[in-house]
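S.K.: This is protein31.cif (mmCIF, C-alpha atoms and all ligand atoms).
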data_work
#
loop_
_atom_site.group_PDB
_atom_site.id
_atom_site.type_symbol
_atom_site.label_atom_id
_atom_site.label_comp_id
_atom_site.auth_asym_id
_atom_site.auth_seq_id
_atom_site.Cartn_x
_atom_site.Cartn_y
_atom_site.Cartn_z
ATOM 1 C CA MET O 8 49.718 30.358 43.494
ATOM 2 C CA LEU O 9 49.315 33.629 41.615
ATOM 3 C CA GLN O 10 46.176 34.239 39.583
ATOM 4 C CA ILE O 11 46.164 37.136 37.185
ATOM 5 C CA ARG O 12 42.843 37.915 35.526
ATOM 6 C CA SER O 13 42.189 40.386 32.689
ATOM 7 C CA LEU O 14 44.849 42.782 33.869
ATOM 8 C CA SER O 15 45.005 45.918 31.737
ATOM 9 C CA LYS O 16 47.050 49.072 31.778
ATOM 10 C CA THR O 17 47.168 51.953 29.317
ATOM 11 C CA TYR O 18 49.756 54.663 29.888
ATOM 12 C CA ALA O 19 48.923 58.339 29.498
ATOM 13 C CA ASN O 20 50.618 58.309 26.060
ATOM 14 C CA GLY O 21 48.056 55.738 24.854
ATOM 15 C CA VAL O 22 50.354 52.661 24.920
ATOM 16 C CA HIS O 23 48.425 49.504 25.903
ATOM 17 C CA ALA O 24 51.189 48.000 28.001
ATOM 18 C CA LEU O 25 48.902 45.286 29.433
ATOM 19 C CA ASP O 26 45.950 44.098 27.401
ATOM 20 C CA ALA O 27 43.683 41.758 29.392
ATOM 21 C CA VAL O 28 46.551 39.642 30.720
ATOM 22 C CA THR O 29 45.340 36.371 32.265
ATOM 23 C CA LEU O 30 47.895 33.962 33.736
ATOM 24 C CA ASP O 31 48.183 31.252 36.366
ATOM 25 C CA ILE O 32 51.598 31.136 37.928
ATOM 26 C CA PRO O 33 52.415 28.042 39.993
ATOM 27 C CA ARG O 34 55.179 27.433 42.494
ATOM 28 C CA GLY O 35 58.603 27.022 40.925
ATOM 29 C CA MET O 36 60.249 28.895 38.109
ATOM 30 C CA PHE O 37 57.930 30.653 35.715
ATOM 31 C CA GLY O 38 59.449 32.242 32.618
ATOM 32 C CA LEU O 39 57.869 35.361 31.198
ATOM 33 C CA LEU O 40 59.343 35.714 27.747
ATOM 34 C CA GLY O 41 58.891 38.607 25.377
ATOM 35 C CA PRO O 42 60.794 41.137 23.274
ATOM 36 C CA ASN O 43 61.633 44.592 24.553
ATOM 37 C CA GLY O 44 58.470 46.622 24.918
ATOM 38 C CA ALA O 45 56.252 43.533 25.356
ATOM 39 C CA GLY O 46 54.921 44.750 28.699
ATOM 40 C CA LYS O 47 56.940 42.484 30.981
ATOM 41 C CA SER O 48 58.212 45.244 33.255
ATOM 42 C CA SER O 49 54.768 46.812 33.418
ATOM 43 C CA LEU O 50 53.424 43.465 34.605
ATOM 44 C CA MET O 51 56.275 42.958 37.088
ATOM 45 C CA ARG O 52 55.839 46.441 38.505
ATOM 46 C CA THR O 53 52.096 45.907 38.888
ATOM 47 C CA LEU O 54 52.591 42.582 40.662
ATOM 48 C CA SER O 55 55.211 44.238 42.880
ATOM 49 C CA THR O 56 52.669 46.937 43.878
ATOM 50 C CA LEU O 57 54.826 49.704 42.401
ATOM 51 C CA GLN O 58 52.294 50.632 39.765
ATOM 52 C CA GLU O 59 48.497 50.682 39.448
ATOM 53 C CA ALA O 60 46.563 48.698 36.859
ATOM 54 C CA ASP O 61 43.461 50.157 35.188
ATOM 55 C CA SER O 62 41.392 46.989 35.582
ATOM 56 C CA GLY O 63 41.596 43.291 36.347
ATOM 57 C CA SER O 64 42.515 41.319 39.422
ATOM 58 C CA VAL O 65 45.491 39.513 40.919
ATOM 59 C CA THR O 66 45.273 37.019 43.762
ATOM 60 C CA LEU O 67 48.228 35.562 45.648
ATOM 61 C CA GLU O 68 47.422 32.235 47.275
ATOM 62 C CA ILE O 69 49.790 30.957 49.920
ATOM 63 C CA PRO O 70 48.925 27.541 51.391
ATOM 64 C CA GLY O 71 47.504 27.898 54.905
ATOM 65 C CA GLU O 72 46.933 31.643 54.576
ATOM 66 C CA ALA O 73 44.043 33.822 53.438
ATOM 67 C CA PRO O 74 44.304 34.763 49.734
ATOM 68 C CA ILE O 75 45.822 38.209 49.165
ATOM 69 C CA ASP O 76 44.198 40.706 46.808
ATOM 70 C CA VAL O 77 47.426 41.981 45.251
ATOM 71 C CA LEU O 78 45.990 45.148 43.730
ATOM 72 C CA ARG O 79 44.367 46.300 46.976
ATOM 73 C CA ASP O 80 46.199 44.792 49.911
ATOM 74 C CA LYS O 81 49.623 46.142 49.005
ATOM 75 C CA ASP O 82 51.155 45.901 52.461
ATOM 76 C CA ALA O 83 50.326 42.203 52.675
ATOM 77 C CA VAL O 84 51.903 41.619 49.247
ATOM 78 C CA ARG O 85 55.039 43.516 50.181
ATOM 79 C CA ARG O 86 55.520 41.312 53.222
ATOM 80 C CA ARG O 87 55.465 38.184 51.037
ATOM 81 C CA LEU O 88 57.271 39.528 47.996
ATOM 82 C CA GLY O 89 60.896 39.715 46.930
ATOM 83 C CA TYR O 90 61.708 41.866 43.917
ATOM 84 C CA LEU O 91 64.815 42.321 41.829
ATOM 85 C CA PRO O 92 64.044 45.200 39.471
ATOM 86 C CA GLN O 93 65.589 45.577 36.047
ATOM 87 C CA ASP O 94 67.576 48.616 37.065
ATOM 88 C CA PHE O 95 68.703 47.486 40.496
ATOM 89 C CA GLY O 96 71.172 50.127 41.647
ATOM 90 C CA VAL O 97 73.580 49.688 44.537
ATOM 91 C CA TYR O 98 75.556 52.132 46.578
ATOM 92 C CA PRO O 99 79.053 51.608 45.154
ATOM 93 C CA LYS O 100 80.953 52.691 48.279
ATOM 94 C CA VAL O 101 79.093 50.434 50.704
ATOM 95 C CA SER O 102 79.986 46.805 51.381
ATOM 96 C CA ALA O 103 77.546 44.008 50.564
ATOM 97 C CA LEU O 104 77.324 43.131 54.248
ATOM 98 C CA ASP O 105 76.449 46.669 55.330
ATOM 99 C CA LEU O 106 73.902 47.262 52.578
ATOM 100 C CA LEU O 107 72.180 43.939 53.153
ATOM 101 C CA GLU O 108 72.003 44.743 56.869
ATOM 102 C CA HIS O 109 70.451 48.056 55.984
ATOM 103 C CA PHE O 110 67.858 46.446 53.697
ATOM 104 C CA ALA O 111 67.096 43.924 56.442
ATOM 105 C CA VAL O 112 66.292 46.747 58.848
ATOM 106 C CA LEU O 113 63.994 48.298 56.236
ATOM 107 C CA LYS O 114 62.327 44.926 55.787
ATOM 108 C CA GLY O 115 61.492 44.997 59.489
ATOM 109 C CA ILE O 116 64.030 42.510 60.828
ATOM 110 C CA THR O 117 64.757 44.613 63.863
ATOM 111 C CA HIS O 118 66.242 42.050 66.222
ATOM 112 C CA LYS O 119 69.999 42.357 65.824
ATOM 113 C CA GLY O 120 70.964 38.741 66.424
ATOM 114 C CA GLN O 121 68.258 37.451 64.131
ATOM 115 C CA ARG O 122 69.230 39.967 61.475
ATOM 116 C CA ARG O 123 72.860 38.857 61.584
ATOM 117 C CA GLU O 124 71.814 35.280 61.131
ATOM 118 C CA VAL O 125 69.560 36.079 58.162
ATOM 119 C CA VAL O 126 72.108 38.339 56.470
ATOM 120 C CA ASP O 127 74.988 35.896 56.926
ATOM 121 C CA GLY O 128 72.849 33.019 55.686
ATOM 122 C CA LEU O 129 71.814 34.909 52.555
ATOM 123 C CA LEU O 130 75.368 35.985 51.738
ATOM 124 C CA GLN O 131 76.381 32.336 51.927
ATOM 125 C CA GLN O 132 73.410 31.213 49.861
ATOM 126 C CA VAL O 133 74.268 33.569 46.995
ATOM 127 C CA ASN O 134 77.942 32.700 47.275
ATOM 128 C CA LEU O 135 79.135 36.176 48.261
ATOM 129 C CA TRP O 136 80.353 35.336 51.725
ATOM 130 C CA ASP O 137 84.031 35.706 50.872
ATOM 131 C CA ALA O 138 83.340 39.033 49.129
ATOM 132 C CA ARG O 139 80.947 40.368 51.770
ATOM 133 C CA LYS O 140 83.257 43.139 52.961
ATOM 134 C CA ARG O 141 84.114 44.389 49.503
ATOM 135 C CA LYS O 142 82.520 47.587 48.256
ATOM 136 C CA LEU O 143 79.668 46.907 45.853
ATOM 137 C CA GLY O 144 81.305 49.207 43.295
ATOM 138 C CA THR O 145 84.037 46.590 42.850
ATOM 139 C CA TYR O 146 81.561 43.775 42.109
ATOM 140 C CA SER O 147 81.139 42.210 38.662
ATOM 141 C CA GLY O 148 77.707 42.277 37.016
ATOM 142 C CA GLY O 149 77.017 38.719 38.111
ATOM 143 C CA MET O 150 77.994 39.436 41.714
ATOM 144 C CA ARG O 151 75.738 42.479 41.750
ATOM 145 C CA GLN O 152 72.825 40.392 40.499
ATOM 146 C CA ARG O 153 73.482 37.760 43.151
ATOM 147 C CA PHE O 154 73.510 40.514 45.730
ATOM 148 C CA GLY O 155 70.197 41.638 44.239
ATOM 149 C CA ILE O 156 68.800 38.160 44.844
ATOM 150 C CA ALA O 157 70.015 38.214 48.438
ATOM 151 C CA GLN O 158 68.108 41.438 49.100
ATOM 152 C CA ALA O 159 65.046 40.041 47.314
ATOM 153 C CA LEU O 160 65.086 37.013 49.614
ATOM 154 C CA LEU O 161 65.050 39.044 52.822
ATOM 155 C CA GLY O 162 61.943 38.391 54.869
ATOM 156 C CA ASP O 163 61.410 34.875 53.459
ATOM 157 C CA PRO O 164 59.175 35.811 50.492
ATOM 158 C CA ARG O 165 56.690 33.376 48.902
ATOM 159 C CA LEU O 166 56.793 35.177 45.580
ATOM 160 C CA VAL O 167 60.045 36.343 43.989
ATOM 161 C CA ILE O 168 60.058 38.509 40.879
ATOM 162 C CA VAL O 169 63.205 39.047 38.849
ATOM 163 C CA ASP O 170 63.106 41.373 35.869
ATOM 164 C CA GLU O 171 65.617 40.745 33.044
ATOM 165 C CA PRO O 172 68.323 39.571 35.448
ATOM 166 C CA THR O 173 70.730 37.932 33.018
ATOM 167 C CA ALA O 174 71.103 40.781 30.523
ATOM 168 C CA GLY O 175 74.772 41.692 30.347
ATOM 169 C CA LEU O 176 76.092 38.676 32.260
ATOM 170 C CA ASP O 177 78.828 36.561 30.729
ATOM 171 C CA PRO O 178 78.007 32.849 30.210
ATOM 172 C CA GLU O 179 79.625 31.656 33.413
ATOM 173 C CA GLU O 180 77.984 34.322 35.573
ATOM 174 C CA ARG O 181 74.688 33.701 33.854
ATOM 175 C CA ASN O 182 74.905 29.971 34.612
ATOM 176 C CA ARG O 183 75.735 30.575 38.199
ATOM 177 C CA PHE O 184 72.892 33.038 38.533
ATOM 178 C CA LEU O 185 70.357 30.709 36.908
ATOM 179 C CA ASN O 186 71.445 27.846 39.171
ATOM 180 C CA LEU O 187 70.845 30.083 42.148
ATOM 181 C CA LEU O 188 67.359 30.944 40.883
ATOM 182 C CA ALA O 189 66.558 27.277 40.261
ATOM 183 C CA ALA O 190 67.458 26.441 43.858
ATOM 184 C CA ILE O 191 65.190 29.218 45.123
ATOM 185 C CA GLY O 192 62.364 28.018 42.867
ATOM 186 C CA GLU O 193 62.191 24.767 44.811
ATOM 187 C CA ASN O 194 60.271 26.501 47.558
ATOM 188 C CA VAL O 195 58.590 29.602 46.208
ATOM 189 C CA ALA O 196 57.074 31.013 43.028
ATOM 190 C CA VAL O 197 59.753 32.768 41.003
ATOM 191 C CA ILE O 198 58.768 34.857 38.001
ATOM 192 C CA LEU O 199 61.695 35.364 35.666
ATOM 193 C CA SER O 200 61.077 38.036 33.079
ATOM 194 C CA THR O 201 63.458 37.856 30.149
ATOM 195 C CA HIS O 202 63.885 38.424 26.428
ATOM 196 C CA ILE O 203 66.462 35.616 26.316
ATOM 197 C CA VAL O 204 64.867 32.363 25.151
ATOM 198 C CA GLU O 205 67.623 30.169 26.624
ATOM 199 C CA ASP O 206 66.925 31.492 30.118
ATOM 200 C CA VAL O 207 63.471 29.936 29.892
ATOM 201 C CA THR O 208 64.582 26.780 28.073
ATOM 202 C CA ASP O 209 67.229 26.063 30.676
ATOM 203 C CA LEU O 210 65.217 26.804 33.748
ATOM 204 C CA CYS O 211 61.448 27.082 33.594
ATOM 205 C CA PRO O 212 58.918 24.222 33.749
ATOM 206 C CA THR O 213 56.138 26.686 32.942
ATOM 207 C CA MET O 214 56.172 29.898 30.981
ATOM 208 C CA ALA O 215 54.292 32.497 29.021
ATOM 209 C CA ILE O 216 55.149 34.353 25.851
ATOM 210 C CA MET O 217 54.035 37.941 25.823
ATOM 211 C CA ASN O 218 54.088 40.721 23.240
ATOM 212 C CA LYS O 219 52.339 44.069 22.814
ATOM 213 C CA GLY O 220 50.690 43.641 26.177
ATOM 214 C CA GLN O 221 49.108 40.304 25.270
ATOM 215 C CA VAL O 222 49.779 36.752 26.395
ATOM 216 C CA LEU O 223 50.392 34.741 23.225
ATOM 217 C CA LEU O 224 50.969 31.363 24.845
ATOM 218 C CA THR O 225 51.239 29.872 28.298
ATOM 219 C CA GLY O 226 52.036 26.384 29.531
ATOM 220 C CA LYS O 227 54.974 23.995 29.518
ATOM 221 C CA PRO O 228 57.778 24.769 27.056
ATOM 222 C CA SER O 229 57.917 21.064 26.114
ATOM 223 C CA ASP O 230 54.217 21.028 25.122
ATOM 224 C CA ALA O 231 54.643 24.093 22.950
ATOM 225 C CA ILE O 232 57.707 22.550 21.309
ATOM 226 C CA ASP O 233 55.880 19.242 20.718
ATOM 227 C CA ALA O 234 53.046 21.088 19.016
ATOM 228 C CA LEU O 235 55.525 22.332 16.401
ATOM 229 C CA GLN O 236 57.012 18.889 15.618
ATOM 230 C CA HIS O 237 57.493 18.221 11.883
ATOM 231 C CA GLN O 238 56.679 21.835 11.036
ATOM 232 C CA VAL O 239 60.100 23.493 11.209
ATOM 233 C CA TRP O 240 62.564 23.330 8.328
ATOM 234 C CA ARG O 241 66.043 24.702 7.953
ATOM 235 C CA LYS O 242 68.239 25.719 5.075
ATOM 236 C CA GLN O 243 71.520 27.510 4.592
ATOM 237 C CA VAL O 244 70.929 30.251 2.054
ATOM 238 C CA ASP O 245 72.750 32.900 0.148
ATOM 239 C CA PRO O 246 72.558 36.336 1.810
ATOM 240 C CA SER O 247 71.296 37.834 -1.449
ATOM 241 C CA ALA O 248 68.429 35.315 -1.574
ATOM 242 C CA LEU O 249 67.138 36.096 1.931
ATOM 243 C CA ALA O 250 64.471 38.573 0.851
ATOM 244 C CA GLY O 251 63.075 36.030 -1.627
ATOM 245 C CA TYR O 252 62.749 33.392 1.087
ATOM 246 C CA GLU O 253 61.054 35.875 3.359
ATOM 247 C CA ALA O 254 58.516 36.673 0.646
ATOM 248 C CA ASN O 255 57.692 33.011 -0.051
ATOM 249 C CA HIS O 256 57.970 31.319 3.343
ATOM 250 C CA VAL O 257 57.107 31.906 6.970
ATOM 251 C CA VAL O 258 60.655 32.594 8.100
ATOM 252 C CA LEU O 259 60.915 32.167 11.861
ATOM 253 C CA SER O 260 64.542 33.079 12.329
ATOM 254 C CA THR O 261 67.753 33.820 10.517
ATOM 255 C CA ARG O 262 70.989 32.874 12.184
ATOM 256 C CA LEU O 263 74.511 33.138 10.936
ATOM 257 C CA VAL O 264 76.379 29.846 11.058
ATOM 258 C CA GLY O 265 79.991 30.210 10.033
ATOM 259 C CA GLY O 266 79.138 33.590 8.550
ATOM 260 C CA ARG O 267 76.318 32.280 6.320
ATOM 261 C CA PRO O 268 72.614 32.727 7.017
ATOM 262 C CA VAL O 269 70.660 29.665 8.120
ATOM 263 C CA ILE O 270 66.916 30.156 8.098
ATOM 264 C CA HIS O 271 64.195 28.287 9.946
ATOM 265 C CA VAL O 272 60.800 28.316 8.281
ATOM 266 C CA HIS O 273 57.414 27.152 9.514
ATOM 267 C CA SER O 274 55.471 24.906 7.186
ATOM 268 C CA ALA O 275 52.930 22.124 7.785
ATOM 269 C CA SER O 276 54.374 20.174 4.832
ATOM 270 C CA ASP O 277 57.848 19.723 3.357
ATOM 271 C CA PRO O 278 58.697 22.939 1.495
ATOM 272 C CA GLY O 279 61.146 20.998 -0.767
ATOM 273 C CA ASP O 280 63.806 23.204 -2.343
ATOM 274 C CA GLY O 281 66.610 21.741 -0.219
ATOM 275 C CA PHE O 282 64.979 22.407 3.150
ATOM 276 C CA GLN O 283 65.684 19.876 5.883
ATOM 277 C CA ALA O 284 63.408 18.967 8.778
ATOM 278 C CA VAL O 285 64.704 20.073 12.195
ATOM 279 C CA ALA O 286 63.544 19.329 15.706
ATOM 280 C CA PRO O 287 61.855 22.531 16.871
ATOM 281 C CA ASP O 288 63.100 24.351 19.937
ATOM 282 C CA LEU O 289 61.663 27.073 22.127
ATOM 283 C CA GLU O 290 63.124 29.777 19.934
ATOM 284 C CA ASP O 291 61.080 28.430 17.007
ATOM 285 C CA VAL O 292 57.969 28.465 19.214
ATOM 286 C CA TYR O 293 58.716 32.008 20.293
ATOM 287 C CA PHE O 294 59.211 33.391 16.785
ATOM 288 C CA GLN O 295 56.217 31.491 15.443
ATOM 289 C CA ARG O 296 53.955 33.058 18.072
ATOM 290 C CA LEU O 297 55.297 36.528 17.369
ATOM 291 C CA ARG O 298 54.765 35.979 13.630
ATOM 292 C CA LEU O 299 51.199 34.787 14.147
ATOM 293 C CA GLN O 300 50.431 37.851 16.223
ATOM 294 C CA SER O 301 51.875 40.298 13.723
ATOM 295 C CA ARG O 302 50.002 38.612 10.867
ATOM 296 C CA ALA O 303 46.738 38.799 12.817
ATOM 297 C CA ALA O 304 47.248 42.522 13.472
HETATM 298 P P1 LIG Q 1 59.235 45.245 28.586
HETATM 299 O O1 LIG Q 1 59.578 45.165 30.018
HETATM 300 O O2 LIG Q 1 58.666 43.957 28.054
HETATM 301 O O3 LIG Q 1 60.358 45.755 27.738
HETATM 302 P P2 LIG Q 1 57.579 47.536 29.289
HETATM 303 O O4 LIG Q 1 56.542 47.111 30.252
HETATM 304 O O5 LIG Q 1 58.782 48.249 29.824
HETATM 305 O O6 LIG Q 1 58.025 46.272 28.385
HETATM 306 O O7 LIG Q 1 56.908 48.478 28.191
HETATM 307 C C1 LIG Q 1 55.692 48.148 27.517
HETATM 308 C C2 LIG Q 1 55.281 49.318 26.658
HETATM 309 O O8 LIG Q 1 54.883 50.392 27.495
HETATM 310 C C3 LIG Q 1 56.393 49.860 25.779
HETATM 311 O O9 LIG Q 1 55.812 50.302 24.566
HETATM 312 C C4 LIG Q 1 56.927 51.040 26.566
HETATM 313 O O10 LIG Q 1 57.473 52.009 25.717
HETATM 314 C C5 LIG Q 1 55.667 51.537 27.253
HETATM 315 N N1 LIG Q 1 55.940 52.151 28.577
HETATM 316 C C6 LIG Q 1 56.560 51.577 29.627
HETATM 317 N N2 LIG Q 1 56.575 52.380 30.703
HETATM 318 C C7 LIG Q 1 55.918 53.510 30.317
HETATM 319 C C8 LIG Q 1 55.579 54.748 30.986
HETATM 320 N N3 LIG Q 1 55.901 54.952 32.258
HETATM 321 N N4 LIG Q 1 54.895 55.673 30.274
HETATM 322 C C9 LIG Q 1 54.560 55.439 28.988
HETATM 323 N N5 LIG Q 1 54.836 54.322 28.308
HETATM 324 C C10 LIG Q 1 55.511 53.363 28.959
#
Would you kindly transcribe this structure into structure tokens?

M.R.:
Amino acid sequence: MLQIRSLSKTYANGVHALDAVTLDIPRGMFGLLGPNGAGKSSLMRTLSTLQEADSGSVTLEIPGEAPIDVLRDKDAVRRRLGYLPQDFGVYPKVSALDLLEHFAVLKGITHKGQRREVVDGLLQQVNLWDARKRKLGTYSGGMRQRFGIAQALLGDPRLVIVDEPTAGLDPEERNRFLNLLAAIGENVAVILSTHIVEDVTDLCPTMAIMNKGQVLLTGKPSDAIDALQHQVWRKQVDPSALAGYEANHVVLSTRLVGGRPVIHVHSASDPGDGFQAVAPDLEDVYFQRLRLQSRAA
């Protein structure tokens, strides 16, 4: 649905935010996972036509329509795109209903009756109908993000881009928000940019891992996890021994369990020394890819 080819961007300060990014993004939920500074927002802003790339191409293919050259035909993209930016601000003194109406006018839904129908439908879809007359300043973080999705869905987009939407949400709000995204992903391509591995694990049938402007891996999370089978080992260790393990093993992650560090290491064979085999998860995949990249650098 979305083809990204060799997309590159270097900022004036010399940072290579996008380094020959090539990705195929199908319909459904696509997770774009990477640490802060990976280049996710730069990619999202480029796809959303808010920022120019230096080189490369992006094509949006909608069944039954002519392909759209995203980098050149910006108006056409904007008509088919919904975007929830990372720093989505709202007017705190305006109600959700009024602001959504206002956005709908900007989106070109000029017929009043039709606009009412669309706005009411979206407020119901994102479960804000009962709170529609409340001022946005009184909304919780999760409610604000759901409002952000409602505005992104105005105009029936084929491509929806959400940038780090779950940061700062409590577990219940996060769940509710992800369920909403999953329902939307049934019909359109949704790109979810996040540094939270669980967001992708829980939601995305396809994904990419990105860091330092480069795509390190793309495909199905389950395939990437399968490829690491029998290569991840865990051990609870003494805090004072951590540095030693890091020197002698490929440590993927260190987590505190009951206040004591538990490390995961990557090794093709049993490292012995009290390590136990564990079933790998997406977090192991993620850290392994980041490790491989930093070792190659
Ligand atoms: P992410 O969204 O994954 O955190 P960004 O795309 O925001 O990553 O940033 C990628 C890199 O580009 C970072 O090193 C960041 O500091 C740099 N960067 C982002 N925006 C700008 C800008 N407008 N000017 C200069 N450097 C930028």

S.K.: Env of region 272-282 of chain O: 12 Å cut, atoms = all atoms listed in the file, seq-sep filter 5 positions within chain, self excluded. Answer as an MDAnalysis selection string.

M.R.: chainID O and resid 234:244 249 252:262 287 290:296 298:299

S.K.: Once the PyMOL selection byres (((not hetatm)) within 10 of (chain Q and resi 1)) is applied to the coordinates I shared, what remains selected? I want it as a compact mmCIF listing (two decimals) with C-alpha atoms, in the frame of the given file.

M.R.:
# COMPACT_ATOMS: atom_id res chain seq x y z
CA LYS O 16 47.05 49.07 31.78
CA THR O 17 47.17 51.95 29.32
CA TYR O 18 49.76 54.66 29.89
CA ALA O 19 48.92 58.34 29.50
CA ASN O 20 50.62 58.31 26.06
CA GLY O 21 48.06 55.74 24.85
CA VAL O 22 50.35 52.66 24.92
CA HIS O 23 48.42 49.50 25.90
CA ALA O 24 51.19 48.00 28.00
CA LEU O 25 48.90 45.29 29.43
CA LEU O 39 57.87 35.36 31.20
CA LEU O 40 59.34 35.71 27.75
CA GLY O 41 58.89 38.61 25.38
CA PRO O 42 60.79 41.14 23.27
CA ASN O 43 61.63 44.59 24.55
CA GLY O 44 58.47 46.62 24.92
CA ALA O 45 56.25 43.53 25.36
CA GLY O 46 54.92 44.75 28.70
CA LYS O 47 56.94 42.48 30.98
CA SER O 48 58.21 45.24 33.26
CA SER O 49 54.77 46.81 33.42
CA LEU O 50 53.42 43.46 34.60
CA MET O 51 56.28 42.96 37.09
CA ARG O 52 55.84 46.44 38.51
CA THR O 53 52.10 45.91 38.89
CA GLN O 58 52.29 50.63 39.76
CA GLN O 93 65.59 45.58 36.05
CA ASP O 170 63.11 41.37 35.87
CA GLU O 171 65.62 40.74 33.04
CA SER O 200 61.08 38.04 33.08
CA THR O 201 63.46 37.86 30.15
CA HIS O 202 63.88 38.42 26.43
CA MET O 217 54.04 37.94 25.82
CA ASN O 218 54.09 40.72 23.24
CA LYS O 219 52.34 44.07 22.81
CA GLY O 220 50.69 43.64 26.18

S.K.: Which of these, O:Leu185, O:Val77, O:Leu88, O:Leu166, has the shortest distance to Val133 (chain O) once you count only C-alpha atoms?

M.R.: O:Leu185

S.K.: In Å, with one decimal, what is the gap from CA of Gly35 (chain O) to CA of Leu199 (chain O)?

M.R.: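 Result for CA of Gly35 (chain O) versus CA of Leu199 (chain O): 10.3 Å, one decimal.
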
S.K.: Quick one: residues within 7 Å of Leu30 (chain O), only C-alpha atoms counted, chain neighbours fewer than 2 positions away excluded, as a ChimeraX atom specification?

M.R.: /O:10-12,28,32

S.K.: Please enumerate the residues selected by the PyMOL selection byres (((chain O and resi 267) around 9) and not hetatm) when evaluated against the supplied file, formatted as a ChimeraX atom specification.

M.R.: /O:243-246,262-266,268-269

S.K.: With all atoms listed in the file as the basis for distance, which of O:Pro92, O:Ala73, O:Ala27, O:Arg87 is at the shortest distance from Val195 (chain O)?

M.R.: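 Using all atoms listed in the file, the shortest distance to Val195 (chain O) belongs to O:Arg87.
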
S.K.: Considering all atoms listed in the file, return as a list in words whatever protein or nucleic-acid residues lie within 9 Å of Gly148 (chain O), sequence-local ones (same chain, fewer than 4 positions apart) excluded.

M.R.: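 Residues meeting the cut-off are Gln152, Arg153, Gly175, Leu176, Asp177 and Glu180 of chain O.
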
S.K.: Which residues fall under the PyMOL selection byres (((chain O and resi 125) around 12) and not hetatm) in this file, as a list in words?

M.R.: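 Evaluating the PyMOL selection byres (((chain O and resi 125) around 12) and not hetatm) on this file yields Leu104, Leu107, Glu108, Phe110, Ala111, Val112, Lys114, Ile116, Thr117, His118, Lys119, Gly120, Gln121, Arg122, Arg123, Glu124, Val126, Asp127, Gly128, Leu129, Leu130, Gln131, Gln132, Ala157, Gln158, Leu160, Leu161, Gly162 and Asp163 of chain O.
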
S.K.: Would you put the residues from that selection into a file with C-alpha atoms, as a PDB file, in the coordinates of the input?

M.R.:
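Wrote part.pdb, looks like this:
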ATOM      1  CA  LEU O 104      77.324  43.131  54.248  1.00  0.00           C
ATOM      2  CA  LEU O 107      72.180  43.939  53.153  1.00  0.00           C
ATOM      3  CA  GLU O 108      72.003  44.743  56.869  1.00  0.00           C
ATOM      4  CA  PHE O 110      67.858  46.446  53.697  1.00  0.00           C
ATOM      5  CA  ALA O 111      67.096  43.924  56.442  1.00  0.00           C
ATOM      6  CA  VAL O 112      66.292  46.747  58.848  1.00  0.00           C
ATOM      7  CA  LYS O 114      62.327  44.926  55.787  1.00  0.00           C
ATOM      8  CA  ILE O 116      64.030  42.510  60.828  1.00  0.00           C
ATOM      9  CA  THR O 117      64.757  44.613  63.863  1.00  0.00           C
ATOM     10  CA  HIS O 118      66.242  42.050  66.222  1.00  0.00           C
ATOM     11  CA  LYS O 119      69.999  42.357  65.824  1.00  0.00           C
ATOM     12  CA  GLY O 120      70.964  38.741  66.424  1.00  0.00           C
ATOM     13  CA  GLN O 121      68.258  37.451  64.131  1.00  0.00           C
ATOM     14  CA  ARG O 122      69.230  39.967  61.475  1.00  0.00           C
ATOM     15  CA  ARG O 123      72.860  38.857  61.584  1.00  0.00           C
ATOM     16  CA  GLU O 124      71.814  35.280  61.131  1.00  0.00           C
ATOM     17  CA  VAL O 126      72.108  38.339  56.470  1.00  0.00           C
ATOM     18  CA  ASP O 127      74.988  35.896  56.926  1.00  0.00           C
ATOM     19  CA  GLY O 128      72.849  33.019  55.686  1.00  0.00           C
ATOM     20  CA  LEU O 129      71.814  34.909  52.555  1.00  0.00           C
ATOM     21  CA  LEU O 130      75.368  35.985  51.738  1.00  0.00           C
ATOM     22  CA  GLN O 131      76.381  32.336  51.927  1.00  0.00           C
ATOM     23  CA  GLN O 132      73.410  31.213  49.861  1.00  0.00           C
ATOM     24  CA  ALA O 157      70.015  38.214  48.438  1.00  0.00           C
ATOM     25  CA  GLN O 158      68.108  41.438  49.100  1.00  0.00           C
ATOM     26  CA  LEU O 160      65.086  37.013  49.614  1.00  0.00           C
ATOM     27  CA  LEU O 161      65.050  39.044  52.822  1.00  0.00           C
ATOM     28  CA  GLY O 162      61.943  38.391  54.869  1.00  0.00           C
ATOM     29  CA  ASP O 163      61.410  34.875  53.459  1.00  0.00           C
TER      30      ASP O 163
END

S.K.: What does the distance between CA of Leu57 (chain O) and CA of Met8 (chain O) come to in Å, to one decimal place?

M.R.: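 Going from CA of Leu57 (chain O) over to CA of Met8 (chain O) covers 20.0 Å.
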
S.K.: Please return the centre and edge lengths, in Å to one decimal, of a box with edges along x, y and z that contains all listed atoms of region 233-246 of chain O, widened by 4 Å on every side, as lines of an AutoDock Vina configuration file.

M.R.:
center_x = 62.9
center_y = 27.3
center_z = 10.4
size_x = 27.7
size_y = 26.1
size_z = 28.6

S.K.: Residues within 9 Å of Ile69 (chain O), please, as number ranges by chain. Count all atoms listed in the file; anything in the same chain fewer than 3 positions from it doesn't count.

M.R.: O: 8-9, 72-75, 165

S.K.: Please measure the separation of CA of Asp26 (chain O) and CA of Thr208 (chain O), giving the value in Å to one decimal.

M.R.: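 Computing the Euclidean distance for CA of Asp26 (chain O) and CA of Thr208 (chain O) yields 25.4 Å.
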